[in-house]
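Novice: Please find one structure pasted underneath; my questions will follow.
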Amino acid sequence: MHVIHRPTEAPHTERKDLLNLKRMLPFLWSYRGRVLLALASLMLAKVATVSIPLILKEIVDALDVSTGSGSALPEQLPIEFPLILLMGYGALRLINVLFNELRDAVFARVRFRAMRDISTKVVKHLFKLSLNFHLERKTGGISRDLERGARSLSSILNYLTFNIIPTLTEFVLVAIILFGQYEIEFALVTFGTVVIYLIYTMALTEWRMHFRHEMNAYDSEANSRAVDGLINYETVKYFNNEDYEVNRYNATLEKWEECAVKSNNSMAILNFGQGGIIAIGVTLVMISAAKGVAAGNMSLGDLVLVNTLMLQLFIPLGFLGIIYRSMKHSLADMDLMFKLLDNKPQIIDAPDAKNLNIKQANIQFKHINFSYNKQRQILHDVSFEIPSGHKVAVVGPSGAGKSTLARLLFRFYDIDQGEILIDEQNIQQLNQASLRQHIGIVPQDTVLFNESIFHNIQYAKPGATEGEVRHAAKLANIDRFIESLPEAYDTIVGERGLKLSGGEKQRVAIARVILKNPKILIFDEATSSLDSHSEQVILKSLKAVAIEHTTLVIAHRLSTIIDANSIIVLQEGKIVEQGTHQQLLDNNGLYAGLWKTQLNE
């Protein structure tokens, strides 16, 4: 039964928004000079903004035919006085624009570098996570979480620098003017309106947030299903399940649509309430100002000043409601990204981990017990040795634990009991990167990057020359095939290498491991997708490559390992036989039975 993907976010009360904001700060620290310059520009721009109504008041009072005290102005005003004020008015507007644009230009580097750094950090962390995480992950969902998380970081920085901090700065400057020049009722009504507005906005936004959580969950689920279906395009076609996949995708989007509609409708309620609060506040202030003008306590310029200050304060405050909602959405998105960072790698290097010092490449498995989970043990007291330069093969029925040995040697998992040694060095005490540097593998299921054939071979040794890549392809018996293609080595292989056949992909993998030229080689059913002729050619190549290399071969076709120095037969995670090909045939045990079955086939 399919279990629907539920929201990965914790409820808001459990989310650590402040902690996430704190975790964001290190990405800004390297550009603290730019941040301070941007904030200084912001302050200067806001000082200019708030100064504009003050000059406007003086202009209005200077041009008014009567003053607040009732005395008449001279019939001819000195033209220089209002002209200077008008020029100052224009200069302040210019200063406002100048410092706002300077703030934007200075802060752009900070914002985009922070996006780059956090995205790089998350991807780097994902590569460090253990194989278990990647086996259970939903690639589409993770990519969407990463994309939204990086975008949310940029949005939060924008909101803080271009909206929240400027509004708070303007709020303080307006407070100074109102408290310093006018009756206290103006300040009380203005800031009382602001407080009510903020409380209302925060309360309703909290109520609306669960719709956003559901939207995110269904969005990630839909993306995961689409990506999964497209990656498995051929399987979908084999079973004629195009409509089935589209319907599953559409069903998830239908639930997303319902949440989106509810989110949008609840926003209308929020917007109406915000508009009503602002309208009432502005009306009350204007009534008080009008009474002051009528009573002669305030000039017409004062009325204009108070009205302009209210508009300058409430216009960005109106946007602050939208910004708060967007901030909450961005914090929810950023929370998903930081949760990716909170996943801990299961396999970590010891504090005193050393690099592998490989000389003979002698491998020992000593009393290995291992299970992927506690309910099912995979390997039971497995012990064997691969002497330097020897070829040891592991065979047995499906599910016997053959491929698990390769994963353990690569240290994708840590064993429950026992130890694995390379030249008497316990791999759990080694640096993982240095361990894997000396091991090469041709896996059973070769997955290629959606890049050129040249790139996929060169991937084993990024600095390899074209000659080295071509030589490796020749040893893998794929050079003629590549050169027969219209674009030769520049041919793009498609998603997961779908443009190549199974045998062609395996030969690319063989060329790749030949190019890497490690001391230890693992062939995990490396010729399982090849025809008999190609298999024999490849086997000769592999035999030549494996000379003076320690080789572990996990085999299904027994004909490929008859030359092995030793063959280990696994059954239900236990070694039941061990010896050369001929010795095992003479024993007439499980290996002999498998051999006879394959001969008959």
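By order of appearance in the structure tokens: chains A, B, ..., then residues from 1 within every chain, and ligands from 1 in the order shown.
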If you run DSSP on the backbone, which residues of segment 490-529 of chain A are strand (DSSP E or B), as a list in words?
Specialist: Ile492, Ile520, Leu521, Ile522, Phe523 and Asp524 of chain A
Novice: Applying 12 Å and only C-alpha atoms, which residues near Gln582 of chain A remain after dropping the ones on its own chain fewer than 3 positions away? List them as a PyMOL selection string.
Specialist: chain A and resi 561-567+578-579+585-589+591-592+595
Novice: Given the choices A:Leu340, A:Pro316, A:Asn297, A:Ala350, which gets closest to Val123 of chain A if the distance is worked out from only C-alpha atoms?
Specialist: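 Once distances to Val123 of chain A are computed over only C-alpha atoms, the minimum belongs to A:Leu340.
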Novice: Taking only C-alpha atoms into account, which of A:Thr193, A:Asn357, A:Gln181, A:Gln312 comes nearest Thr283 of chain A?
Specialist: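 When distances to Thr283 of chain A are compared using only C-alpha atoms, the smallest one comes from A:Thr193.
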Novice: Could you give me, as a PyMOL selection string, each residue of segment 170-393 of chain A that DSSP assigns to helix (DSSP H, G or I) when run on this structure's backbone?
Specialist: chain A and resi 170-181+184-231+233-238+242-295+300-342
Novice: At what distance in Å, to one decimal, does atom CA of Leu204 of chain A lie from atom CA of Ser326 of chain A?
Specialist: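 Atom-to-atom, atom CA of Ser326 of chain A and atom CA of Leu204 of chain A are spaced 13.2 Å apart.
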Novice: Please provide the set of residues having any atom within 12 Å of Ile165 of chain A, restricted to only C-alpha atoms, with same-chain residues fewer than 2 positions apart removed, written as a count of residues only.
Specialist: 26
Novice: So that I can see what lies close to segment 370-383 of chain A, please list as a list of chain:residue names the residues with an atom at most 9 Å from it, counting only C-alpha atoms and leaving out residues fewer than 2 positions away in the same chain.
Specialist: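 Contacts, with the query itself left out: A:Asn132, A:Gln364, A:Phe365, A:Lys366, A:His367, A:Ile368, A:Glu385, A:Gly399, A:Ala400, A:Gly401, A:Thr404, A:Leu405, A:Tyr413, A:Asp414, A:Ile415, A:Asp416, A:Gln417, A:Gly418, A:Glu572, A:Gly573, A:Lys574, A:Ile575.
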Novice: Neighbouring residues of Ile95 of chain A were defined as those with any atom within 9 Å, considering only C-alpha atoms; residues of the same chain fewer than 4 positions away were excluded. Please report them as a list in words.
Specialist: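 Contacts, in chain order: Leu44, Ala45, Ala48, Thr49, Gly90, Ala91, Phe99 and Asn100 of chain A.
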Novice: Find the distance between atom CA of Gly296 of chain A and atom CA of Ala187 of chain A and write it in Å to one decimal.
Specialist: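 These two atoms are separated by 19.7 Å.
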Novice: As an exercise, work out the distance from atom CA of Ile358 of chain A to atom CA of Ile439 of chain A in Å and give it to one decimal place.
Specialist: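 Those two atoms sit 10.8 Å apart.
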